Number of protein chains: 2
Amino acid sequence: MRIGELSECTGTPRRLLRYYEEQGLLVADRSPNGYRDYDERCVDRVLQIRGLLESGLSTRIIKQILPCLGGRLIHVTGASDETIATLERERDRMRQRIECLTRSQEAISGYLDAVLRHRRPAAGRAAGTIAEPSYDLAATA
Amino acid sequence: MRIGELSECTGTPRRLLRYYEEQGLLVADRSPNGYRDYDERCVDRVLQIRGLLESGLSTRIIKQILPCLGGRLIHVTGASDETIATLERERDRMRQRIECLTRSQEAISGYLDAVLRHRRPAAGRAAGTIAEPSYDLAATA
DNA sequence: TCGAACCCTCACATAGGTGTGAATGTCAAG
DNA sequence: CTTGACATTCACACCTATGTGAGGGTTCGA
């Protein structure tokens, strides 16, 4: 699989695939002519990378996370204390992100529900501004 | 509450508080001397903002999301079709992020568990590299 | 054999969030 | 009155992820 195909089937610009490689997130062998040759599993890996980047992780962190979880085998031995600490820290940060996103997502959903209920007043309700329950993002962090 | 206090109790550089204000994410009245005067609820709001930024949302999007969910009251009427579409789109993206983070977080947790189990071989297991179950990040997107 | 479509590397440009500092104003305490 | 802590605005600089294009090779079908 060459870069064009991978690009197309992951919706990722070639430029970025090369960039991810440069950052050590993605590995490709090379055909005799120098073209990158990607393995099937790269598709998922690229999607994973993009998802994590979207979610606010840096390439540096992603690089540290991916190799530990990359293949079918886990290299239990190859994990220094420091790596483990990083993973734990990052796992916790991910939890926080998940919480924050979940709360916000629920708040948005609640708001959208309210708006739609108001527009098609199937289950009637007063118009204009409604109070209570408060779709408040406040207590989130 | 002035900027210094808010900065300290949210762990956010003053610079950023001003930046958030400039981006329309945060509002402060001004004391007669021109100093910003923050309301208690700003603390939560700032934490919310930071959480969302951490999670990959841009200030532009956050600005669009916050006002709809900001106060105790919902302005059901003040939502254009376009705003609603944006909110729906953003809610979906948040869901995706949550899924991606959740999977990765679980994978990391699984990996860490395996490592710790290996280090303190309480429930014995062979050393070195273990196979199966695969703590594989692949199928994530 | 030519052109189109693909690949390569290199390199400069952009945008958003953040760091940092200059030049200045305000206020409380010595 | 001065000093020090805190505030203000303005502006340049940085990093990272990404866009974009130049200059040039490879492959393949017309």
# chains A, B, ... in the order shown; residues from 1 in each chain; ligands from 1
>>> interface_residues(of="chain B", to="chain C", cutoff="12 Å", atoms="only C-alpha atoms (C1' of nucleotides)", output="count of residues only")
23
>>> interface_residues(of="chain D", to="chain B", cutoff="9 Å", atoms="only C-alpha atoms (C1' of nucleotides)", output="list in words")
DC6, DA7 and DT8 of chain D
>>> write_last_selection(atoms="C-alpha atoms (C1' of nucleotides)", output="mmCIF file, in the first residue's frame")
data_model
loop_
_atom_site.group_PDB
_atom_site.id
_atom_site.type_symbol
_atom_site.label_atom_id
_atom_site.label_comp_id
_atom_site.auth_asym_id
_atom_site.auth_seq_id
_atom_site.Cartn_x
_atom_site.Cartn_y
_atom_site.Cartn_z
ATOM 1 C "C1'" DC D 6 -0.271 43.989 41.316
ATOM 2 C "C1'" DA D 7 -2.747 45.765 37.412
ATOM 3 C "C1'" DT D 8 -3.007 47.581 32.474
#
>>> atom_distance(atom1="atom CA of Arg91 of chain A", atom2="atom CA of Ile61 of chain A")
11.0 Å
>>> atom_distance(atom1="atom CA of Val43 of chain A", atom2="atom CA of Thr10 of chain A")
6.3 Å
>>> residues_around(residues="Gln105 of chain B", least_positions_apart="2", cutoff="10 Å", atoms="only C-alpha atoms (C1' of nucleotides)", output="ChimeraX atom specification")
/A:87-88,90-95,98 /B:99-103,107-111,137
>>> atom_distance(atom1="atom CA of Ala85 of chain B", atom2="atom CA of Gln64 of chain B")
11.4 Å
